[in-house]
$ cat final-v5.pdb   # PDB, C-alpha atoms
ATOM      1  CA  ALA A   1      24.172  -3.940  -2.080  1.00  0.00           C
ATOM      2  CA  GLN A   2      20.458  -4.586  -2.020  1.00  0.00           C
ATOM      3  CA  SER A   3      19.319  -6.731   0.879  1.00  0.00           C
ATOM      4  CA  VAL A   4      16.193  -8.000   2.587  1.00  0.00           C
ATOM      5  CA  SER A   5      15.987  -8.381   6.341  1.00  0.00           C
ATOM      6  CA  GLN A   6      13.487 -10.539   8.195  1.00  0.00           C
ATOM      7  CA  HIS A   7      13.865  -9.775  11.861  1.00  0.00           C
ATOM      8  CA  ASN A   8      12.088 -12.746  13.370  1.00  0.00           C
ATOM      9  CA  HIS A   9      13.775 -16.036  12.601  1.00  0.00           C
ATOM     10  CA  HIS A  10      11.526 -18.229  14.739  1.00  0.00           C
ATOM     11  CA  VAL A  11       8.033 -17.378  15.945  1.00  0.00           C
ATOM     12  CA  ILE A  12       5.821 -19.556  18.122  1.00  0.00           C
ATOM     13  CA  LEU A  13       2.167 -18.666  18.574  1.00  0.00           C
ATOM     14  CA  SER A  14      -0.985 -20.236  19.883  1.00  0.00           C
ATOM     15  CA  GLU A  15      -4.005 -20.613  17.637  1.00  0.00           C
ATOM     16  CA  ALA A  16      -6.116 -17.456  17.330  1.00  0.00           C
ATOM     17  CA  ALA A  17      -3.160 -15.212  18.160  1.00  0.00           C
ATOM     18  CA  SER A  18      -2.373 -12.341  15.814  1.00  0.00           C
ATOM     19  CA  LEU A  19       0.683 -12.499  13.608  1.00  0.00           C
ATOM     20  CA  GLU A  20       3.026  -9.862  12.265  1.00  0.00           C
ATOM     21  CA  LEU A  21       6.263 -10.803  10.513  1.00  0.00           C
ATOM     22  CA  GLY A  22       8.700  -8.057   9.706  1.00  0.00           C
ATOM     23  CA  CYS A  23      10.402  -7.463   6.363  1.00  0.00           C
ATOM     24  CA  ASN A  24      12.683  -4.546   5.549  1.00  0.00           C
ATOM     25  CA  TYR A  25      14.639  -3.926   2.387  1.00  0.00           C
ATOM     26  CA  SER A  26      17.453  -1.625   1.410  1.00  0.00           C
ATOM     27  CA  TYR A  27      16.700   0.218  -1.809  1.00  0.00           C
ATOM     28  CA  GLY A  28      15.411   3.722  -2.314  1.00  0.00           C
ATOM     29  CA  GLY A  29      13.703   3.419  -5.682  1.00  0.00           C
ATOM     30  CA  THR A  30      10.808   1.472  -7.143  1.00  0.00           C
ATOM     31  CA  VAL A  31      10.357  -1.984  -5.690  1.00  0.00           C
ATOM     32  CA  ASN A  32       8.188  -5.030  -6.207  1.00  0.00           C
ATOM     33  CA  LEU A  33       7.570  -6.979  -3.016  1.00  0.00           C
ATOM     34  CA  PHE A  34       6.605 -10.581  -2.431  1.00  0.00           C
ATOM     35  CA  TRP A  35       5.808 -12.935   0.411  1.00  0.00           C
ATOM     36  CA  TYR A  36       6.213 -16.635  -0.278  1.00  0.00           C
ATOM     37  CA  VAL A  37       5.312 -19.495   2.052  1.00  0.00           C
ATOM     38  CA  GLN A  38       6.693 -23.018   2.333  1.00  0.00           C
ATOM     39  CA  TYR A  39       4.459 -25.430   4.241  1.00  0.00           C
ATOM     40  CA  PRO A  40       6.150 -28.528   5.699  1.00  0.00           C
ATOM     41  CA  GLY A  41       7.007 -30.934   2.906  1.00  0.00           C
ATOM     42  CA  GLN A  42       5.589 -28.667   0.225  1.00  0.00           C
ATOM     43  CA  HIS A  43       6.984 -26.350  -2.400  1.00  0.00           C
ATOM     44  CA  LEU A  44       7.447 -22.599  -2.081  1.00  0.00           C
ATOM     45  CA  GLN A  45       4.338 -20.746  -3.172  1.00  0.00           C
ATOM     46  CA  LEU A  46       3.225 -17.146  -3.463  1.00  0.00           C
ATOM     47  CA  LEU A  47       1.234 -15.709  -0.565  1.00  0.00           C
ATOM     48  CA  LEU A  48       0.860 -12.179  -1.913  1.00  0.00           C
ATOM     49  CA  LYS A  49       2.693  -9.471  -3.817  1.00  0.00           C
ATOM     50  CA  TYR A  50       2.746  -5.724  -4.200  1.00  0.00           C
ATOM     51  CA  PHE A  51       3.876  -3.722  -7.219  1.00  0.00           C
ATOM     52  CA  SER A  52       1.615  -0.654  -7.345  1.00  0.00           C
ATOM     53  CA  GLY A  53      -1.654   0.823  -6.102  1.00  0.00           C
ATOM     54  CA  ASP A  54      -3.142   0.250  -2.665  1.00  0.00           C
ATOM     55  CA  PRO A  55      -0.235  -0.373  -0.271  1.00  0.00           C
ATOM     56  CA  LEU A  56      -2.375  -2.786   1.734  1.00  0.00           C
ATOM     57  CA  VAL A  57      -2.345  -6.062  -0.147  1.00  0.00           C
ATOM     58  CA  LYS A  58      -4.606  -9.024   0.544  1.00  0.00           C
ATOM     59  CA  GLY A  59      -3.332 -12.523  -0.108  1.00  0.00           C
ATOM     60  CA  ILE A  60      -4.496 -16.085   0.236  1.00  0.00           C
ATOM     61  CA  LYS A  61      -5.647 -17.699   3.500  1.00  0.00           C
ATOM     62  CA  GLY A  62      -6.445 -14.393   5.228  1.00  0.00           C
ATOM     63  CA  PHE A  63      -2.951 -12.937   5.014  1.00  0.00           C
ATOM     64  CA  GLU A  64      -2.265  -9.307   4.221  1.00  0.00           C
ATOM     65  CA  ALA A  65       0.807  -7.112   3.999  1.00  0.00           C
ATOM     66  CA  GLU A  66       1.320  -3.379   4.106  1.00  0.00           C
ATOM     67  CA  PHE A  67       3.937  -1.544   2.064  1.00  0.00           C
ATOM     68  CA  ILE A  68       5.245   1.472   3.988  1.00  0.00           C
ATOM     69  CA  LYS A  69       7.637   3.237   1.663  1.00  0.00           C
ATOM     70  CA  SER A  70       8.997   5.627   4.287  1.00  0.00           C
ATOM     71  CA  LYS A  71      10.001   2.685   6.460  1.00  0.00           C
ATOM     72  CA  PHE A  72      11.218   0.447   3.615  1.00  0.00           C
ATOM     73  CA  SER A  73       8.967  -2.212   5.067  1.00  0.00           C
ATOM     74  CA  PHE A  74       6.504  -4.843   3.867  1.00  0.00           C
ATOM     75  CA  ASN A  75       5.269  -6.595   7.000  1.00  0.00           C
ATOM     76  CA  LEU A  76       3.029  -9.627   6.795  1.00  0.00           C
ATOM     77  CA  ARG A  77      -0.016  -9.861   9.052  1.00  0.00           C
ATOM     78  CA  LYS A  78      -2.841 -12.204   9.926  1.00  0.00           C
ATOM     79  CA  PRO A  79      -5.365 -11.351  12.655  1.00  0.00           C
ATOM     80  CA  SER A  80      -5.911 -14.921  13.848  1.00  0.00           C
ATOM     81  CA  VAL A  81      -3.531 -17.759  13.007  1.00  0.00           C
ATOM     82  CA  GLN A  82      -4.406 -21.415  12.663  1.00  0.00           C
ATOM     83  CA  TRP A  83      -2.354 -24.550  13.228  1.00  0.00           C
ATOM     84  CA  SER A  84      -2.262 -24.998   9.446  1.00  0.00           C
ATOM     85  CA  ASP A  85      -0.306 -21.723   9.118  1.00  0.00           C
ATOM     86  CA  THR A  86       2.754 -23.491  10.508  1.00  0.00           C
ATOM     87  CA  ALA A  87       5.322 -22.911   7.765  1.00  0.00           C
ATOM     88  CA  GLU A  88       8.380 -20.976   6.690  1.00  0.00           C
ATOM     89  CA  TYR A  89       7.686 -17.469   5.374  1.00  0.00           C
ATOM     90  CA  PHE A  90       9.989 -15.677   2.960  1.00  0.00           C
ATOM     91  CA  CYS A  91      10.035 -12.035   1.947  1.00  0.00           C
ATOM     92  CA  ALA A  92      11.536 -11.179  -1.451  1.00  0.00           C
ATOM     93  CA  VAL A  93      12.125  -7.961  -3.355  1.00  0.00           C
ATOM     94  CA  ASN A  94      13.159  -6.942  -6.824  1.00  0.00           C
ATOM     95  CA  ALA A  95      14.315  -3.395  -7.059  1.00  0.00           C
ATOM     96  CA  GLY A  96      14.481  -0.983  -9.952  1.00  0.00           C
ATOM     97  CA  ASN A  97      15.107  -2.806 -13.192  1.00  0.00           C
ATOM     98  CA  ASN A  98      16.883  -5.690 -11.499  1.00  0.00           C
ATOM     99  CA  ARG A  99      15.085  -8.829 -12.608  1.00  0.00           C
ATOM    100  CA  LYS A 100      16.681 -10.825  -9.816  1.00  0.00           C
ATOM    101  CA  LEU A 101      14.668 -11.455  -6.666  1.00  0.00           C
ATOM    102  CA  ILE A 102      16.539 -10.732  -3.444  1.00  0.00           C
ATOM    103  CA  TRP A 103      15.356 -13.015  -0.637  1.00  0.00           C
ATOM    104  CA  GLY A 104      15.234 -12.732   3.122  1.00  0.00           C
ATOM    105  CA  LEU A 105      16.444 -15.534   5.368  1.00  0.00           C
ATOM    106  CA  GLY A 106      12.920 -16.622   6.160  1.00  0.00           C
ATOM    107  CA  THR A 107      10.875 -16.832   9.338  1.00  0.00           C
ATOM    108  CA  SER A 108       9.837 -20.158  10.764  1.00  0.00           C
ATOM    109  CA  LEU A 109       6.341 -19.981  12.267  1.00  0.00           C
ATOM    110  CA  ALA A 110       5.018 -22.696  14.564  1.00  0.00           C
ATOM    111  CA  VAL A 111       1.387 -22.479  15.639  1.00  0.00           C
ATOM    112  CA  ASN A 112       0.408 -24.591  18.614  1.00  0.00           C
ATOM    113  CA  PRO A 113      -3.133 -25.997  18.595  1.00  0.00           C
TER
ATOM    114  CA  GLU B   1      -0.473 -29.499  -6.823  1.00  0.00           C
ATOM    115  CA  THR B   2       2.534 -27.858  -8.412  1.00  0.00           C
ATOM    116  CA  GLY B   3       3.015 -27.365 -12.140  1.00  0.00           C
ATOM    117  CA  VAL B   4       6.776 -27.708 -11.664  1.00  0.00           C
ATOM    118  CA  THR B   5       8.274 -31.131 -11.067  1.00  0.00           C
ATOM    119  CA  GLN B   6      11.820 -32.047 -10.109  1.00  0.00           C
ATOM    120  CA  THR B   7      13.688 -35.337 -10.142  1.00  0.00           C
ATOM    121  CA  PRO B   8      15.253 -36.874  -8.238  1.00  0.00           C
ATOM    122  CA  ARG B   9      13.874 -35.656  -4.912  1.00  0.00           C
ATOM    123  CA  HIS B  10      16.953 -36.862  -3.058  1.00  0.00           C
ATOM    124  CA  LEU B  11      20.482 -37.446  -4.316  1.00  0.00           C
ATOM    125  CA  VAL B  12      23.630 -38.578  -2.561  1.00  0.00           C
ATOM    126  CA  MET B  13      26.824 -38.389  -4.570  1.00  0.00           C
ATOM    127  CA  GLY B  14      30.545 -38.583  -4.113  1.00  0.00           C
ATOM    128  CA  MET B  15      32.861 -35.763  -5.070  1.00  0.00           C
ATOM    129  CA  THR B  16      33.998 -37.546  -8.219  1.00  0.00           C
ATOM    130  CA  ASN B  17      30.538 -38.471  -9.481  1.00  0.00           C
ATOM    131  CA  LYS B  18      28.629 -36.876 -12.332  1.00  0.00           C
ATOM    132  CA  LYS B  19      24.882 -36.509 -11.941  1.00  0.00           C
ATOM    133  CA  SER B  20      22.061 -34.381 -13.318  1.00  0.00           C
ATOM    134  CA  LEU B  21      19.024 -32.730 -11.803  1.00  0.00           C
ATOM    135  CA  LYS B  22      15.920 -32.432 -13.920  1.00  0.00           C
ATOM    136  CA  CYS B  23      13.118 -29.904 -13.842  1.00  0.00           C
ATOM    137  CA  GLU B  24       9.965 -29.814 -15.912  1.00  0.00           C
ATOM    138  CA  GLN B  25       7.247 -27.182 -15.939  1.00  0.00           C
ATOM    139  CA  HIS B  26       3.750 -27.754 -17.256  1.00  0.00           C
ATOM    140  CA  LEU B  27       2.607 -24.129 -17.059  1.00  0.00           C
ATOM    141  CA  GLY B  28       3.556 -22.834 -20.489  1.00  0.00           C
ATOM    142  CA  HIS B  29       6.040 -20.396 -18.985  1.00  0.00           C
ATOM    143  CA  ASN B  30       8.945 -18.832 -20.844  1.00  0.00           C
ATOM    144  CA  ALA B  31      11.420 -18.395 -17.987  1.00  0.00           C
ATOM    145  CA  MET B  32      13.037 -21.004 -15.744  1.00  0.00           C
ATOM    146  CA  TYR B  33      15.358 -20.656 -12.764  1.00  0.00           C
ATOM    147  CA  TRP B  34      17.741 -22.670 -10.614  1.00  0.00           C
ATOM    148  CA  TYR B  35      18.102 -21.678  -6.959  1.00  0.00           C
ATOM    149  CA  LYS B  36      20.231 -23.043  -4.131  1.00  0.00           C
ATOM    150  CA  GLN B  37      18.679 -23.133  -0.658  1.00  0.00           C
ATOM    151  CA  SER B  38      21.137 -23.663   2.192  1.00  0.00           C
ATOM    152  CA  ALA B  39      20.541 -23.519   5.929  1.00  0.00           C
ATOM    153  CA  LYS B  40      20.969 -20.053   7.459  1.00  0.00           C
ATOM    154  CA  LYS B  41      21.400 -18.410   4.031  1.00  0.00           C
ATOM    155  CA  PRO B  42      18.948 -16.582   1.780  1.00  0.00           C
ATOM    156  CA  LEU B  43      17.775 -18.317  -1.336  1.00  0.00           C
ATOM    157  CA  GLU B  44      20.557 -17.925  -3.931  1.00  0.00           C
ATOM    158  CA  LEU B  45      19.731 -17.502  -7.587  1.00  0.00           C
ATOM    159  CA  MET B  46      22.080 -19.583  -9.731  1.00  0.00           C
ATOM    160  CA  PHE B  47      20.836 -19.418 -13.311  1.00  0.00           C
ATOM    161  CA  VAL B  48      17.986 -17.912 -15.307  1.00  0.00           C
ATOM    162  CA  TYR B  49      16.809 -19.024 -18.715  1.00  0.00           C
ATOM    163  CA  SER B  50      14.389 -17.061 -20.846  1.00  0.00           C
ATOM    164  CA  LEU B  51      13.083 -18.724 -24.001  1.00  0.00           C
ATOM    165  CA  GLU B  52      15.861 -21.305 -23.706  1.00  0.00           C
ATOM    166  CA  GLU B  53      18.578 -18.653 -23.591  1.00  0.00           C
ATOM    167  CA  ARG B  54      20.644 -18.169 -20.467  1.00  0.00           C
ATOM    168  CA  VAL B  55      20.144 -14.612 -19.271  1.00  0.00           C
ATOM    169  CA  GLU B  56      21.741 -14.798 -15.851  1.00  0.00           C
ATOM    170  CA  ASN B  57      24.690 -16.703 -14.449  1.00  0.00           C
ATOM    171  CA  ASN B  58      25.114 -15.596 -10.896  1.00  0.00           C
ATOM    172  CA  SER B  59      28.857 -16.289 -10.502  1.00  0.00           C
ATOM    173  CA  VAL B  60      28.226 -19.995 -10.117  1.00  0.00           C
ATOM    174  CA  PRO B  61      31.246 -22.333 -10.191  1.00  0.00           C
ATOM    175  CA  SER B  62      31.745 -24.258 -13.411  1.00  0.00           C
ATOM    176  CA  ARG B  63      31.141 -27.569 -11.638  1.00  0.00           C
ATOM    177  CA  PHE B  64      27.451 -26.630 -12.062  1.00  0.00           C
ATOM    178  CA  SER B  65      26.404 -26.676 -15.703  1.00  0.00           C
ATOM    179  CA  PRO B  66      22.824 -25.806 -16.697  1.00  0.00           C
ATOM    180  CA  GLU B  67      21.052 -26.904 -19.829  1.00  0.00           C
ATOM    181  CA  CYS B  68      17.698 -25.789 -21.211  1.00  0.00           C
ATOM    182  CA  PRO B  69      16.782 -27.829 -24.303  1.00  0.00           C
ATOM    183  CA  ASN B  70      13.307 -26.272 -24.548  1.00  0.00           C
ATOM    184  CA  SER B  71      11.116 -23.939 -22.531  1.00  0.00           C
ATOM    185  CA  SER B  72       9.591 -26.790 -20.527  1.00  0.00           C
ATOM    186  CA  HIS B  73      12.761 -28.539 -19.383  1.00  0.00           C
ATOM    187  CA  LEU B  74      15.756 -27.456 -17.383  1.00  0.00           C
ATOM    188  CA  PHE B  75      18.711 -29.521 -16.250  1.00  0.00           C
ATOM    189  CA  LEU B  76      21.531 -28.925 -13.828  1.00  0.00           C
ATOM    190  CA  HIS B  77      24.562 -31.093 -14.567  1.00  0.00           C
ATOM    191  CA  LEU B  78      26.819 -31.702 -11.588  1.00  0.00           C
ATOM    192  CA  HIS B  79      30.433 -32.830 -11.583  1.00  0.00           C
ATOM    193  CA  THR B  80      33.303 -32.781  -9.114  1.00  0.00           C
ATOM    194  CA  LEU B  81      31.150 -31.237  -6.407  1.00  0.00           C
ATOM    195  CA  GLN B  82      32.323 -30.261  -2.938  1.00  0.00           C
ATOM    196  CA  PRO B  83      30.657 -31.090   0.398  1.00  0.00           C
ATOM    197  CA  GLU B  84      29.661 -27.414   0.766  1.00  0.00           C
ATOM    198  CA  ASP B  85      27.482 -27.857  -2.325  1.00  0.00           C
ATOM    199  CA  SER B  86      25.117 -29.976  -0.255  1.00  0.00           C
ATOM    200  CA  ALA B  87      21.809 -28.103  -0.232  1.00  0.00           C
ATOM    201  CA  LEU B  88      18.256 -28.069  -1.537  1.00  0.00           C
ATOM    202  CA  TYR B  89      18.200 -27.164  -5.225  1.00  0.00           C
ATOM    203  CA  LEU B  90      15.001 -25.521  -6.340  1.00  0.00           C
ATOM    204  CA  CYS B  91      13.701 -25.044  -9.820  1.00  0.00           C
ATOM    205  CA  ALA B  92      11.160 -22.330 -10.606  1.00  0.00           C
ATOM    206  CA  SER B  93       9.387 -20.934 -13.624  1.00  0.00           C
ATOM    207  CA  SER B  94       7.576 -17.719 -14.451  1.00  0.00           C
ATOM    208  CA  GLN B  95       5.610 -16.408 -17.368  1.00  0.00           C
ATOM    209  CA  ASP B  96       8.328 -14.076 -18.520  1.00  0.00           C
ATOM    210  CA  ASN B  97      11.646 -13.081 -16.994  1.00  0.00           C
ATOM    211  CA  SER B  98      11.329  -9.485 -18.158  1.00  0.00           C
ATOM    212  CA  HIS B  99       8.118  -8.868 -16.193  1.00  0.00           C
ATOM    213  CA  LEU B 100       9.332  -7.832 -12.772  1.00  0.00           C
ATOM    214  CA  THR B 101       6.029  -8.567 -11.074  1.00  0.00           C
ATOM    215  CA  ASP B 102       5.655 -12.124 -12.353  1.00  0.00           C
ATOM    216  CA  THR B 103       5.071 -14.801  -9.770  1.00  0.00           C
ATOM    217  CA  GLN B 104       7.622 -17.586  -9.676  1.00  0.00           C
ATOM    218  CA  TYR B 105       6.289 -21.132  -9.359  1.00  0.00           C
ATOM    219  CA  PHE B 106       8.567 -23.525  -7.555  1.00  0.00           C
ATOM    220  CA  GLY B 107       9.175 -27.228  -7.704  1.00  0.00           C
ATOM    221  CA  PRO B 108       9.596 -29.381  -4.595  1.00  0.00           C
ATOM    222  CA  GLY B 109      13.377 -29.338  -4.839  1.00  0.00           C
ATOM    223  CA  THR B 110      16.158 -31.905  -4.932  1.00  0.00           C
ATOM    224  CA  ARG B 111      17.918 -32.521  -1.620  1.00  0.00           C
ATOM    225  CA  LEU B 112      21.573 -33.015  -2.598  1.00  0.00           C
ATOM    226  CA  THR B 113      24.185 -34.477  -0.275  1.00  0.00           C
ATOM    227  CA  VAL B 114      27.816 -34.533  -1.389  1.00  0.00           C
ATOM    228  CA  LEU B 115      30.024 -36.937   0.506  1.00  0.00           C
TER
END

$ encode --input "final-v5.pdb" --output "structure tokens"
Amino acid sequence: AQSVSQHNHHVILSEAASLELGCNYSYGGTVNLFWYVQYPGQHLQLLLKYFSGDPLVKGIKGFEAEFIKSKFSFNLRKPSVQWSDTAEYFCAVNAGNNRKLIWGLGTSLAVNP
Amino acid sequence: ETGVTQTPRHLVMGMTNKKSLKCEQHLGHNAMYWYKQSAKKPLELMFVYSLEERVENNSVPSRFSPECPNSSHLFLHLHTLQPEDSALYLCASSQDNSHLTDTQYFGPGTRLTVL
């Protein structure tokens, strides 16, 4: 069965630290990849997505993610985090012609000021 | 500011009650979704509607009954729920369910507690 794995469940960083959140999926064919973010008390919203072209995708608020097909990975990065990046981050994938998004468990990020 | 609203935001109900969750999207989208978000579990897709027609029922128990009277409104009717149904229920919409790259826009959710 298709699955999405987010390795880090809880991450604590200080402001200005660099961030990398892992996301791996299990599917060998064409995939569309998404990162969503849920800030405290707010709704889930799209951070960035990849479906074709340049495997390095830029999103909102300085986030980027790199699709590495050989590693089945789509890791999220930010060079310097801010306190306002404290949130829950979700990786999601739809694979092949499956219209259903498969979601990871999420990673809770806390940034200390 | 989200274009997807959900009411109520919180709901406590007994196992014999009947209640409904409401979702409304103001984005002109054609597809709407119900998800269940439980602690320590991935987001679970429950139902998908495209142009008011149900296109996905993800093996959800019959005590959950969706209704989509038009492309802007989606309901989830609840009856005879179990305590394990306590969760955050999220509504989402997207431009078109057949476009695999479409972004889904989420509402704030209804926090449901079943006693």

$ resolve_selection --input "final-v5.pdb" --expression "the PyMOL selection byres ((chain B and resi 102) around 12)" --output "number ranges by chain"
A: 32-34, 46, 48-51, 93-94, 99-101; B: 29-31, 92-101, 103-105

$ residues_around --input "final-v5.pdb" --residues "Val60 in chain B" --least-positions-apart "3" --cutoff "8 Å" --atoms "all atoms listed in the file" --output "number ranges by chain"
B: 46, 57, 64

$ resolve_selection --input "final-v5.pdb" --expression "the ChimeraX specification (/B :<12) & /A" --output "number ranges by chain"
A: 3-6, 9, 30-52, 89-108

$ atom_distance --input "final-v5.pdb" --atom1 "CA of Phe63 in chain A" --atom2 "CA of Thr110 in chain B"
28.7 Å

$ resolve_selection --input "final-v5.pdb" --expression "the PyMOL selection byres ((chain B and resi 71) around 6)" --output "MDAnalysis selection string"
chainID B and resid 30 51:52 70 72:73

$ closest_residue --input "final-v5.pdb" --among "B:Lys36, B:Arg9, B:Val114, B:Tyr49" --to "Leu81 in chain B" --atoms "all atoms listed in the file"
B:Val114

$ residues_around --input "final-v5.pdb" --residues "Leu76 in chain B" --least-positions-apart "5" --cutoff "7 Å" --atoms "only C-alpha atoms" --output "ChimeraX atom specification"
/B:20-22,64-67

$ atom_distance --input "final-v5.pdb" --atom1 "CA of Pro8 in chain B" --atom2 "CA of Ser84 in chain A"
27.6 Å

$ atom_distance --input "final-v5.pdb" --atom1 "CA of Leu19 in chain A" --atom2 "CA of Pro79 in chain A"
6.2 Å

$ axis_aligned_box --input "final-v5.pdb" --around "range 5-19 of chain B" --padding-each-side "3 Å" --output "lines of an AutoDock Vina configuration file"
center_x = 21.1
center_y = -34.9
center_z = -7.4
size_x = 31.7
size_y = 13.5
size_z = 15.8

$ residues_around --input "final-v5.pdb" --residues "range 64-71 of chain A" --least-positions-apart "6" --cutoff "8 Å" --atoms "only C-alpha atoms" --output "list in words"
Asn24, Leu48, Tyr50, Pro55, Leu56, Val57, Lys58, Arg77 and Lys78 of chain A
